[in-house]
$ cat coords35.cif   # mmCIF, C-alpha atoms
data_query
loop_
_atom_site.label_atom_id
_atom_site.label_comp_id
_atom_site.auth_asym_id
_atom_site.auth_seq_id
_atom_site.Cartn_x
_atom_site.Cartn_y
_atom_site.Cartn_z
CA MET A 1 -47.05 -17.77 -50.81
CA ASP A 2 -47.16 -19.16 -47.25
CA ARG A 3 -44.05 -18.96 -45.08
CA LYS A 4 -42.65 -22.19 -43.68
CA PRO A 5 -42.76 -22.42 -39.88
CA PRO A 6 -39.34 -22.20 -38.17
CA SER A 7 -37.58 -25.50 -37.94
CA ARG A 8 -36.99 -27.20 -34.63
CA ARG A 9 -33.28 -26.37 -34.85
CA ALA A 10 -34.03 -22.65 -35.40
CA ARG A 11 -36.43 -22.59 -32.45
CA ARG A 12 -33.85 -24.28 -30.28
CA PHE A 13 -31.16 -21.80 -31.31
CA ALA A 14 -33.47 -18.86 -30.58
CA LEU A 15 -34.28 -20.28 -27.14
CA ILE A 16 -30.61 -20.82 -26.32
CA ALA A 17 -29.77 -17.28 -27.46
CA ALA A 18 -32.57 -15.81 -25.33
CA LEU A 19 -31.45 -17.79 -22.29
CA ALA A 20 -27.85 -16.69 -22.88
CA LEU A 21 -28.90 -13.03 -23.05
CA ILE A 22 -30.93 -13.42 -19.87
CA GLY A 23 -27.94 -15.08 -18.18
CA LEU A 24 -25.60 -12.33 -19.29
CA ALA A 25 -27.99 -9.66 -18.07
CA ALA A 26 -28.39 -11.40 -14.73
CA GLY A 27 -24.63 -11.87 -14.40
CA HIS A 28 -24.01 -8.24 -15.27
CA ALA A 29 -26.56 -7.15 -12.67
CA VAL A 30 -24.83 -9.29 -10.04
CA LEU A 31 -21.43 -7.89 -11.04
CA TRP A 32 -22.69 -4.29 -10.91
CA ARG A 33 -24.26 -4.90 -7.49
CA ALA A 34 -20.97 -6.35 -6.22
CA MET A 35 -19.02 -3.39 -7.63
CA ALA A 36 -21.42 -0.94 -5.96
CA ASP A 37 -21.25 -2.83 -2.64
CA GLN A 38 -17.44 -2.85 -2.66
CA LEU A 39 -17.30 0.82 -3.61
CA GLU A 40 -19.55 1.87 -0.75
CA ALA A 41 -17.78 -0.45 1.72
CA GLY A 42 -14.42 0.99 0.69
CA TRP A 43 -15.75 4.52 1.20
CA GLN A 44 -17.07 3.71 4.67
CA ASN A 45 -13.75 2.09 5.63
CA TRP A 46 -11.86 5.17 4.45
CA VAL A 47 -14.13 7.46 6.50
CA GLN A 48 -13.65 5.33 9.62
CA LEU A 49 -9.88 5.29 9.13
CA ARG A 50 -9.74 9.09 8.78
CA ARG A 51 -11.83 9.54 11.92
CA ALA A 52 -9.60 7.10 13.80
CA HIS A 53 -6.66 9.36 12.95
CA GLY A 54 -8.42 12.39 14.42
CA TRP A 55 -9.96 13.87 11.27
CA GLN A 56 -13.51 15.19 11.11
CA VAL A 57 -15.51 13.76 8.20
CA GLU A 58 -19.07 14.83 7.45
CA HIS A 59 -21.18 14.12 4.35
CA ALA A 60 -24.69 13.49 3.07
CA PRO A 61 -25.84 9.88 2.53
CA PRO A 62 -24.01 8.38 -0.48
CA VAL A 63 -26.07 7.73 -3.62
CA ARG A 64 -25.30 4.84 -5.99
CA GLY A 65 -25.44 5.12 -9.77
CA GLY A 66 -23.57 4.54 -13.01
CA TRP A 67 -25.54 1.58 -14.42
CA PRO A 68 -24.84 -0.25 -16.71
CA LEU A 69 -21.11 0.18 -17.48
CA ALA A 70 -19.87 1.72 -14.22
CA ALA A 71 -20.55 1.82 -10.51
CA THR A 72 -20.55 5.31 -8.99
CA LEU A 73 -21.01 6.69 -5.51
CA SER A 74 -21.99 10.37 -5.23
CA VAL A 75 -21.25 12.04 -1.90
CA ASP A 76 -22.72 15.53 -1.46
CA ARG A 77 -21.69 18.17 1.09
CA LEU A 78 -18.40 16.50 1.95
CA ARG A 79 -16.40 18.17 4.73
CA LEU A 80 -12.94 16.91 5.70
CA GLU A 81 -10.90 18.67 8.39
CA GLY A 82 -7.79 17.80 10.40
CA GLY A 83 -4.00 17.97 10.47
CA ALA A 84 -3.80 20.62 13.19
CA ALA A 85 -1.08 18.61 14.96
CA THR A 86 1.39 19.19 12.12
CA LEU A 87 0.11 22.46 10.62
CA PRO A 88 -1.19 25.43 12.62
CA GLY A 89 -4.85 25.78 11.78
CA GLY A 90 -4.91 22.42 10.00
CA VAL A 91 -6.44 21.67 6.60
CA ALA A 92 -10.10 21.61 5.62
CA LEU A 93 -11.88 20.65 2.39
CA ASN A 94 -15.50 21.53 1.73
CA ALA A 95 -16.66 19.85 -1.48
CA GLN A 96 -20.05 20.42 -3.04
CA ARG A 97 -19.86 16.89 -4.39
CA ALA A 98 -17.39 14.01 -4.71
CA VAL A 99 -18.05 11.21 -7.20
CA LEU A 100 -16.29 7.85 -6.85
CA ARG A 101 -16.31 5.72 -10.00
CA VAL A 102 -15.24 2.20 -10.99
CA GLU A 103 -16.03 1.16 -14.55
CA LEU A 104 -15.72 -1.90 -16.73
CA PRO A 105 -13.27 -3.35 -17.63
CA TRP A 106 -10.90 -1.42 -15.30
CA LEU A 107 -12.07 -2.87 -11.99
CA ASP A 108 -8.66 -2.25 -10.40
CA ARG A 109 -8.82 1.54 -10.84
CA LEU A 110 -10.79 4.12 -8.88
CA GLU A 111 -11.61 7.60 -10.18
CA VAL A 112 -12.53 10.41 -7.79
CA ALA A 113 -14.04 13.52 -9.39
CA LEU A 114 -14.82 16.86 -7.74
CA PRO A 115 -17.46 18.63 -9.84
CA GLY A 116 -18.97 21.95 -8.81
CA GLN A 117 -17.72 24.53 -6.32
CA GLN A 118 -15.13 23.49 -3.72
CA ARG A 119 -13.25 25.26 -0.94
CA LEU A 120 -9.83 24.33 0.47
CA ARG A 121 -8.49 25.91 3.65
CA ILE A 122 -4.80 25.63 4.58
CA GLY A 123 -4.10 27.21 7.95
CA ASP A 124 -5.99 30.51 8.00
CA THR A 125 -6.12 30.96 4.22
CA GLU A 126 -9.02 29.72 2.12
CA PHE A 127 -8.85 28.84 -1.58
CA PRO A 128 -12.16 28.46 -3.44
CA PHE A 129 -11.78 26.49 -6.67
CA THR A 130 -13.74 24.87 -9.47
CA ALA A 131 -12.87 23.15 -12.74
CA ASP A 132 -14.48 21.81 -15.88
CA THR A 133 -12.73 18.51 -15.07
CA LEU A 134 -10.89 17.64 -11.86
CA THR A 135 -10.24 13.92 -11.43
CA ALA A 136 -7.87 11.80 -9.36
CA THR A 137 -7.16 8.21 -10.41
CA VAL A 138 -5.71 5.67 -7.96
CA PRO A 139 -5.19 1.89 -8.15
CA LEU A 140 -7.37 -0.26 -5.95
CA GLU A 141 -5.07 -2.29 -3.71
CA ARG A 142 -6.47 -4.67 -1.11
CA ASP A 143 -5.76 -3.88 2.56
CA THR A 144 -3.30 -1.08 1.76
CA LEU A 145 -3.29 2.57 0.79
CA PRO A 146 -2.65 3.39 -2.89
CA SER A 147 1.04 3.73 -3.73
CA GLU A 148 0.45 6.07 -6.66
CA ALA A 149 -2.07 8.57 -7.96
CA GLU A 150 -2.66 10.76 -10.99
CA LEU A 151 -4.53 14.07 -10.95
CA THR A 152 -5.82 15.73 -14.12
CA ALA A 153 -7.48 19.12 -14.41
CA GLU A 154 -9.06 21.10 -17.24
CA ARG A 155 -9.82 24.80 -16.89
CA LEU A 156 -9.10 24.95 -13.18
CA ARG A 157 -10.00 28.27 -11.51
CA ILE A 158 -8.57 29.07 -8.07
CA GLY A 159 -9.33 32.08 -5.91
CA LEU A 160 -6.29 33.59 -4.17
CA PRO A 161 -6.00 36.46 -1.69
CA GLY A 162 -4.41 38.62 -4.42
CA GLY A 163 -6.86 37.62 -7.16
CA GLY A 164 -7.89 34.51 -9.06
CA ILE A 165 -5.80 32.37 -11.40
CA GLU A 166 -6.91 30.03 -14.18
CA LEU A 167 -5.11 26.96 -15.48
CA ALA A 168 -5.96 25.58 -18.92
CA SER A 169 -4.77 22.03 -18.22
CA ALA A 170 -2.53 20.14 -15.81
CA ARG A 171 -1.42 16.62 -15.01
CA LEU A 172 0.19 15.58 -11.72
CA ALA A 173 1.51 12.05 -11.12
CA VAL A 174 2.64 10.95 -7.64
CA ARG A 175 4.28 7.66 -6.64
CA GLY A 176 5.37 6.67 -3.13
CA ARG A 177 7.31 3.84 -1.49
CA ALA A 178 6.61 3.39 2.21
CA SER A 179 9.61 1.06 2.68
CA ALA A 180 12.16 3.12 0.72
CA THR A 181 15.80 2.84 1.76
CA GLU A 182 18.33 5.67 1.80
CA ALA A 183 19.22 5.12 -1.87
CA GLU A 184 15.61 4.82 -3.11
CA PRO A 185 13.10 7.62 -3.78
CA ALA A 186 10.38 7.53 -1.15
CA LEU A 187 8.25 9.94 -3.16
CA GLU A 188 8.31 10.87 -6.87
CA LEU A 189 6.32 13.68 -8.43
CA VAL A 190 5.87 14.71 -12.07
CA LEU A 191 3.92 17.85 -13.02
CA PHE A 192 3.10 19.42 -16.38
CA ALA A 193 0.82 22.44 -16.72
CA GLU A 194 -0.17 24.64 -19.65
CA GLY A 195 -1.80 28.05 -19.91
CA LEU A 196 -1.56 29.51 -16.40
CA ASP A 197 -3.25 32.95 -16.35
CA LEU A 198 -2.11 35.14 -13.45
CA PRO A 199 -4.11 37.92 -11.75
CA PRO A 200 -3.91 41.36 -13.39
CA VAL A 201 -1.05 43.58 -12.22
CA ALA A 202 -0.27 47.27 -12.58
CA PRO A 203 1.67 48.27 -15.72
CA ARG A 204 4.65 49.30 -13.60
CA ASP A 205 4.73 46.00 -11.71
CA PRO A 206 7.96 44.05 -12.50
CA ILE A 207 5.88 41.01 -13.43
CA ALA A 208 4.05 42.95 -16.17
CA ARG A 209 7.03 42.70 -18.53
CA PHE A 210 6.54 38.91 -18.76
CA GLY A 211 2.78 39.00 -19.37
CA ARG A 212 -0.11 37.45 -17.49
CA ARG A 213 0.16 33.96 -19.05
CA ILE A 214 2.75 31.33 -18.16
CA ALA A 215 2.81 29.15 -21.28
CA THR A 216 4.18 25.97 -19.67
CA LEU A 217 5.36 24.85 -16.25
CA SER A 218 6.91 21.46 -15.57
CA ALA A 219 8.58 19.77 -12.61
CA GLU A 220 10.03 16.37 -11.78
CA LEU A 221 10.99 15.76 -8.14
CA ALA A 222 12.26 12.77 -6.17
CA LEU A 223 12.38 12.68 -2.37
CA SER A 224 14.89 10.05 -1.23
CA GLY A 225 15.53 8.47 2.12
CA PRO A 226 13.14 6.87 4.62
CA LEU A 227 10.42 9.21 5.86
CA PRO A 228 10.36 9.22 9.69
CA ALA A 229 7.08 8.90 11.54
CA GLY A 230 5.81 11.32 14.16
CA ARG A 231 3.83 14.53 14.44
CA ALA A 232 6.51 17.15 15.13
CA PRO A 233 7.61 18.54 11.73
CA ALA A 234 10.99 19.79 12.97
CA ALA A 235 11.85 16.44 14.57
CA ARG A 236 10.85 14.57 11.42
CA ALA A 237 12.90 16.93 9.24
CA GLU A 238 15.92 16.50 11.49
CA ALA A 239 15.64 12.69 11.42
CA TRP A 240 15.21 12.75 7.63
CA ARG A 241 18.32 14.93 7.26
CA ASP A 242 20.38 12.74 9.58
CA GLY A 243 19.26 9.68 7.61
CA GLY A 244 20.73 11.10 4.40
CA GLY A 245 17.47 12.37 2.94
CA THR A 246 17.65 14.59 -0.16
CA LEU A 247 15.23 16.27 -2.53
CA GLU A 248 16.35 15.77 -6.11
CA LEU A 249 15.01 18.36 -8.51
CA ARG A 250 15.43 16.39 -11.71
CA GLY A 251 13.93 19.14 -13.82
CA LEU A 252 12.06 22.40 -13.32
CA GLY A 253 10.99 24.05 -16.57
CA LEU A 254 9.30 27.38 -17.25
CA ARG A 255 8.23 29.28 -20.35
CA TRP A 256 6.86 32.72 -19.47
CA GLY A 257 6.90 35.46 -22.05
CA PRO A 258 10.54 36.17 -22.99
CA LEU A 259 11.75 34.03 -20.09
CA GLY A 260 12.57 30.35 -20.50
CA GLY A 261 14.39 28.26 -17.94
CA LEU A 262 15.35 24.73 -16.99
CA ALA A 263 16.91 23.94 -13.62
CA ALA A 264 18.20 20.80 -11.91
CA ALA A 265 19.47 20.58 -8.34
CA THR A 266 19.86 18.43 -5.23
CA LEU A 267 18.61 19.91 -1.96
CA ALA A 268 18.85 18.95 1.70
CA PHE A 269 18.71 20.57 5.15
CA ASP A 270 21.70 22.17 6.88
CA GLU A 271 22.42 22.06 10.62
CA ALA A 272 19.85 24.81 11.23
CA LEU A 273 17.19 22.91 9.24
CA GLN A 274 17.37 25.47 6.43
CA PRO A 275 17.40 24.42 2.74
CA MET A 276 20.80 24.03 1.10
CA GLY A 277 21.96 22.55 -2.20
CA ALA A 278 23.56 22.96 -5.58
CA GLY A 279 22.63 22.52 -9.23
CA THR A 280 22.62 24.14 -12.66
CA LEU A 281 20.37 26.61 -14.43
CA ARG A 282 19.90 27.12 -18.16
CA LEU A 283 18.10 30.38 -18.85
CA SER A 284 16.97 32.43 -21.83
CA GLY A 285 15.71 35.98 -21.31
CA ALA A 286 18.13 36.36 -18.39
CA GLY A 287 18.42 40.12 -18.88
CA GLU A 288 14.68 40.68 -18.56
CA ALA A 289 14.53 38.40 -15.52
CA LEU A 290 17.38 40.29 -13.82
CA GLU A 291 15.78 43.71 -14.37
CA ALA A 292 12.43 42.45 -13.06
CA MET A 293 14.09 41.09 -9.91
CA VAL A 294 15.90 44.40 -9.41
CA ASP A 295 12.65 46.36 -9.79
CA ALA A 296 10.95 44.03 -7.29
CA GLY A 297 13.75 44.54 -4.76
CA LEU A 298 14.79 40.88 -4.83
CA VAL A 299 18.30 41.65 -6.14
CA GLY A 300 20.47 44.44 -4.76
CA ARG A 301 21.86 47.18 -6.99
CA ARG A 302 25.48 46.10 -6.46
CA ALA A 303 24.75 42.46 -7.29
CA ALA A 304 22.73 43.56 -10.31
CA ALA A 305 25.62 45.66 -11.63
CA THR A 306 27.95 42.67 -11.33
CA ALA A 307 25.45 40.39 -13.04
CA ARG A 308 24.96 42.81 -15.96
CA GLY A 309 28.67 42.64 -16.66
CA VAL A 310 28.87 38.86 -16.38
CA LEU A 311 25.73 37.87 -18.35
CA PRO A 312 27.10 38.76 -21.83
CA LEU A 313 30.21 36.67 -21.12
CA LEU A 314 28.11 33.63 -20.18
CA SER A 315 25.55 33.84 -23.00
CA ARG A 316 25.62 31.36 -25.87
CA PRO A 317 23.19 30.90 -28.81
CA SER A 318 20.73 28.10 -28.12
CA ALA A 319 20.78 25.06 -30.38
CA GLN A 320 17.04 25.38 -31.09
CA ASP A 321 16.51 28.92 -32.38
CA GLY A 322 19.74 30.79 -31.68
CA THR A 323 18.26 32.77 -28.78
CA PRO A 324 20.96 33.83 -26.31
CA GLU A 325 20.92 31.63 -23.21
CA ILE A 326 23.18 31.04 -20.26
CA GLU A 327 24.02 27.93 -18.28
CA VAL A 328 25.40 28.64 -14.83
CA PRO A 329 25.92 26.76 -11.57
CA LEU A 330 23.61 27.70 -8.73
CA THR A 331 24.04 27.20 -5.00
CA LEU A 332 21.83 27.69 -1.98
CA GLU A 333 23.75 28.16 1.26
CA ASP A 334 23.02 30.13 4.44
CA ARG A 335 19.64 31.07 2.93
CA THR A 336 21.40 32.81 0.02
CA LEU A 337 20.86 31.84 -3.61
CA SER A 338 23.90 32.43 -5.83
CA LEU A 339 24.27 32.16 -9.61
CA ALA A 340 27.84 31.60 -10.79
CA ARG A 341 28.95 32.55 -7.25
CA ILE A 342 27.09 35.88 -7.46
CA PRO A 343 24.56 36.29 -4.61
CA VAL A 344 21.22 37.23 -6.14
CA MET A 345 18.62 36.50 -3.48
CA ARG A 346 18.39 35.99 0.29
CA PHE A 347 15.48 34.09 1.77
CA ALA A 348 13.72 34.57 5.08
CA PRO A 349 14.37 31.84 7.67
CA LEU A 350 12.20 28.74 7.40
CA GLU A 351 10.15 28.68 10.60
CA TRP A 352 9.13 25.22 11.78
CA PRO A 353 5.80 24.90 13.65
CA ARG A 354 6.16 23.81 17.26
#
$ encode --input "coords35.cif" --output "structure tokens"
Amino acid sequence: MDRKPPSRRARRFALIAALALIGLAAGHAVLWRAMADQLEAGWQNWVQLRRAHGWQVEHAPPVRGGWPLAATLSVDRLRLEGGAATLPGGVALNAQRAVLRVELPWLDRLEVALPGQQRLRIGDTEFPFTADTLTATVPLERDTLPSEAELTAERLRIGLPGGGIELASARLAVRGRASATEAEPALELVLFAEGLDLPPVAPRDPIARFGRRIATLSAELALSGPLPAGRAPAARAEAWRDGGGTLELRGLGLRWGPLGGLAAATLAFDEALQPMGAGTLRLSGAGEALEAMVDAGLVGRRAAATARGVLPLLSRPSAQDGTPEIEVPLTLEDRTLSLARIPVMRFAPLEWPR
């Protein structure tokens, strides 16, 4: 049986559909080209701005990619160095590769990934690192620096002078306000990390009683007060202190073996530009923590004897599992940390670079 030829209406519909597909493809190609152009232009502007501020920036020619659903810019052999005016020795980053990415439909968000081997130098100390995933996400804001950023990491390995550490996962969110007043936070930071494996230690090391893995680590900080400009760290710290600046530790949590803690405090600088402040500490496993600090020489024998007598009086069963825990006030004054008015640790003076 012979097929009937397509009707005129069907042929017209097929032609319109084909033209629409061609138009969509052409429009998508134009959009991708514009995304790639803007991405590369933004990168070049950032490099010029860093160099104008005295930083050294070196890299291989950028390579475009990511078609069809994203625009990417791969930059190999990236070297960024500077900051010697505020930190002795400065800071340097040597990245095997940096990948900038903007994808549909989130055209207002930029992702920066660091795959491969990287090296970070702070002062005279170098930290090689690599990760299965290490990505920073920032909003794209016209003619201004991003006001917030989020960093995520999976299986991050960092080389330290005393041995390497490995972090299973972490998320760091940062938000800043350049025009913050005295009552507003100029910088907010939220961190949550899981599965931090420490370097091996000797069996007799005080740290060994807690184990090599820190199960969770969390922190929420808010830096209030206007941040003064300038290059001299001591002068900036003094101006920030005189302007009523404070560092609010809204929460610092730790779960490490038998030790669990949650602290909150408000910190500032005293007349000698040394940290001072007050807060509270809720702690489980306080006995183990005290003995480890005594073995490490961080707590004197006399203070330890006083603490051993006071801890049972302060302990209460926790509401979660009945584990004994204590909640005590803590103070930091004259470089001495005190728990319930008992001095437990004295810090070395904070030396400001000149």
$ resolve_selection --input "coords35.cif" --expression "the PyMOL selection byres ((chain A and resi 54) around 12)" --output "list in words"
Val47, Gln48, Leu49, Arg50, Arg51, Ala52, His53, Trp55, Gln56, Val57, Leu80, Glu81, Gly82, Gly83, Ala84, Ala85 and Gly90 of chain A
$ residues_around --input "coords35.cif" --residues "A:Ala303" --least-positions-apart "5" --cutoff "10 Å" --atoms "all atoms listed in the file" --output "ChimeraX atom specification"
/A:294,308,342-345
$ write_last_selection --input "coords35.cif" --atoms "C-alpha atoms" --output "short mmCIF file (atom, residue, chain, number, x, y, z; two decimals), in the frame of the given file"
data_model
loop_
_atom_site.label_atom_id
_atom_site.label_comp_id
_atom_site.auth_asym_id
_atom_site.auth_seq_id
_atom_site.Cartn_x
_atom_site.Cartn_y
_atom_site.Cartn_z
CA VAL A 294 15.90 44.40 -9.41
CA ARG A 308 24.96 42.81 -15.96
CA ILE A 342 27.09 35.88 -7.46
CA PRO A 343 24.56 36.29 -4.61
CA VAL A 344 21.22 37.23 -6.14
CA MET A 345 18.62 36.50 -3.48
#
$ residues_near_point --input "coords35.cif" --point "(20.5, 20.8, 0.3)" --cutoff "12 Å" --atoms "only C-alpha atoms" --output "JSON, numbers by chain"
{"A": [223, 241, 244, 245, 246, 247, 248, 249, 265, 266, 267, 268, 269, 270, 271, 272, 273, 274, 275, 276, 277, 278, 279, 330, 331, 332, 333, 334, 335, 337]}
$ write_last_selection --input "coords35.cif" --atoms "C-alpha atoms" --output "PDB file, keeping the file's coordinate frame"
ATOM      1  CA  LEU A 223      12.380  12.680  -2.370  1.00  0.00           C
ATOM      2  CA  ARG A 241      18.320  14.930   7.260  1.00  0.00           C
ATOM      3  CA  GLY A 244      20.730  11.100   4.400  1.00  0.00           C
ATOM      4  CA  GLY A 245      17.470  12.370   2.940  1.00  0.00           C
ATOM      5  CA  THR A 246      17.650  14.590  -0.160  1.00  0.00           C
ATOM      6  CA  LEU A 247      15.230  16.270  -2.530  1.00  0.00           C
ATOM      7  CA  GLU A 248      16.350  15.770  -6.110  1.00  0.00           C
ATOM      8  CA  LEU A 249      15.010  18.360  -8.510  1.00  0.00           C
ATOM      9  CA  ALA A 265      19.470  20.580  -8.340  1.00  0.00           C
ATOM     10  CA  THR A 266      19.860  18.430  -5.230  1.00  0.00           C
ATOM     11  CA  LEU A 267      18.610  19.910  -1.960  1.00  0.00           C
ATOM     12  CA  ALA A 268      18.850  18.950   1.700  1.00  0.00           C
ATOM     13  CA  PHE A 269      18.710  20.570   5.150  1.00  0.00           C
ATOM     14  CA  ASP A 270      21.700  22.170   6.880  1.00  0.00           C
ATOM     15  CA  GLU A 271      22.420  22.060  10.620  1.00  0.00           C
ATOM     16  CA  ALA A 272      19.850  24.810  11.230  1.00  0.00           C
ATOM     17  CA  LEU A 273      17.190  22.910   9.240  1.00  0.00           C
ATOM     18  CA  GLN A 274      17.370  25.470   6.430  1.00  0.00           C
ATOM     19  CA  PRO A 275      17.400  24.420   2.740  1.00  0.00           C
ATOM     20  CA  MET A 276      20.800  24.030   1.100  1.00  0.00           C
ATOM     21  CA  GLY A 277      21.960  22.550  -2.200  1.00  0.00           C
ATOM     22  CA  ALA A 278      23.560  22.960  -5.580  1.00  0.00           C
ATOM     23  CA  GLY A 279      22.630  22.520  -9.230  1.00  0.00           C
ATOM     24  CA  LEU A 330      23.610  27.700  -8.730  1.00  0.00           C
ATOM     25  CA  THR A 331      24.040  27.200  -5.000  1.00  0.00           C
ATOM     26  CA  LEU A 332      21.830  27.690  -1.980  1.00  0.00           C
ATOM     27  CA  GLU A 333      23.750  28.160   1.260  1.00  0.00           C
ATOM     28  CA  ASP A 334      23.020  30.130   4.440  1.00  0.00           C
ATOM     29  CA  ARG A 335      19.640  31.070   2.930  1.00  0.00           C
ATOM     30  CA  LEU A 337      20.860  31.840  -3.610  1.00  0.00           C
TER      31      LEU A 337
END
$ residues_around --input "coords35.cif" --residues "stretch 119-121 of chain A" --least-positions-apart "5" --cutoff "8 Å" --atoms "all atoms listed in the file" --output "MDAnalysis selection string"
chainID A and resid 91:95 126:129
$ resolve_selection --input "coords35.cif" --expression "the PyMOL selection byres ((chain A and resi 174) around 7)" --output "PDB file with C-alpha atoms, in the coordinates of the input"
ATOM      1  CA  GLU A 148       0.450   6.070  -6.660  1.00  0.00           C
ATOM      2  CA  ALA A 149      -2.070   8.570  -7.960  1.00  0.00           C
ATOM      3  CA  GLU A 150      -2.660  10.760 -10.990  1.00  0.00           C
ATOM      4  CA  LEU A 172       0.190  15.580 -11.720  1.00  0.00           C
ATOM      5  CA  ALA A 173       1.510  12.050 -11.120  1.00  0.00           C
ATOM      6  CA  ARG A 175       4.280   7.660  -6.640  1.00  0.00           C
ATOM      7  CA  GLY A 176       5.370   6.670  -3.130  1.00  0.00           C
ATOM      8  CA  GLU A 188       8.310  10.870  -6.870  1.00  0.00           C
ATOM      9  CA  LEU A 189       6.320  13.680  -8.430  1.00  0.00           C
ATOM     10  CA  VAL A 190       5.870  14.710 -12.070  1.00  0.00           C
TER      11      VAL A 190
END
$ atom_distance --input "coords35.cif" --atom1 "atom CA of A:Gly260" --atom2 "atom CA of A:Ser284"
5.0 Å
$ residues_around --input "coords35.cif" --residues "A:Leu311" --least-positions-apart "3" --cutoff "10 Å" --atoms "all atoms listed in the file" --output "ChimeraX atom specification"
/A:286-287,290,306-308,314-316,325-326,328
$ residues_around --input "coords35.cif" --residues "A:Ala219" --least-positions-apart "5" --cutoff "9 Å" --atoms "all atoms listed in the file" --output "PyMOL selection string"
chain A and resi 189-192+249-254
$ residues_around --input "coords35.cif" --residues "A:Arg97" --least-positions-apart "4" --cutoff "10 Å" --atoms "all atoms listed in the file" --output "PDB file with C-alpha atoms, keeping the file's coordinate frame"
ATOM      1  CA  HIS A  59     -21.180  14.120   4.350  1.00  0.00           C
ATOM      2  CA  ALA A  60     -24.690  13.490   3.070  1.00  0.00           C
ATOM      3  CA  SER A  74     -21.990  10.370  -5.230  1.00  0.00           C
ATOM      4  CA  VAL A  75     -21.250  12.040  -1.900  1.00  0.00           C
ATOM      5  CA  ASP A  76     -22.720  15.530  -1.460  1.00  0.00           C
ATOM      6  CA  ARG A  77     -21.690  18.170   1.090  1.00  0.00           C
ATOM      7  CA  LEU A  78     -18.400  16.500   1.950  1.00  0.00           C
ATOM      8  CA  ARG A  79     -16.400  18.170   4.730  1.00  0.00           C
ATOM      9  CA  ALA A 113     -14.040  13.520  -9.390  1.00  0.00           C
ATOM     10  CA  LEU A 114     -14.820  16.860  -7.740  1.00  0.00           C
ATOM     11  CA  PRO A 115     -17.460  18.630  -9.840  1.00  0.00           C
ATOM     12  CA  GLY A 116     -18.970  21.950  -8.810  1.00  0.00           C
ATOM     13  CA  GLN A 117     -17.720  24.530  -6.320  1.00  0.00           C
ATOM     14  CA  GLN A 118     -15.130  23.490  -3.720  1.00  0.00           C
TER      15      GLN A 118
END
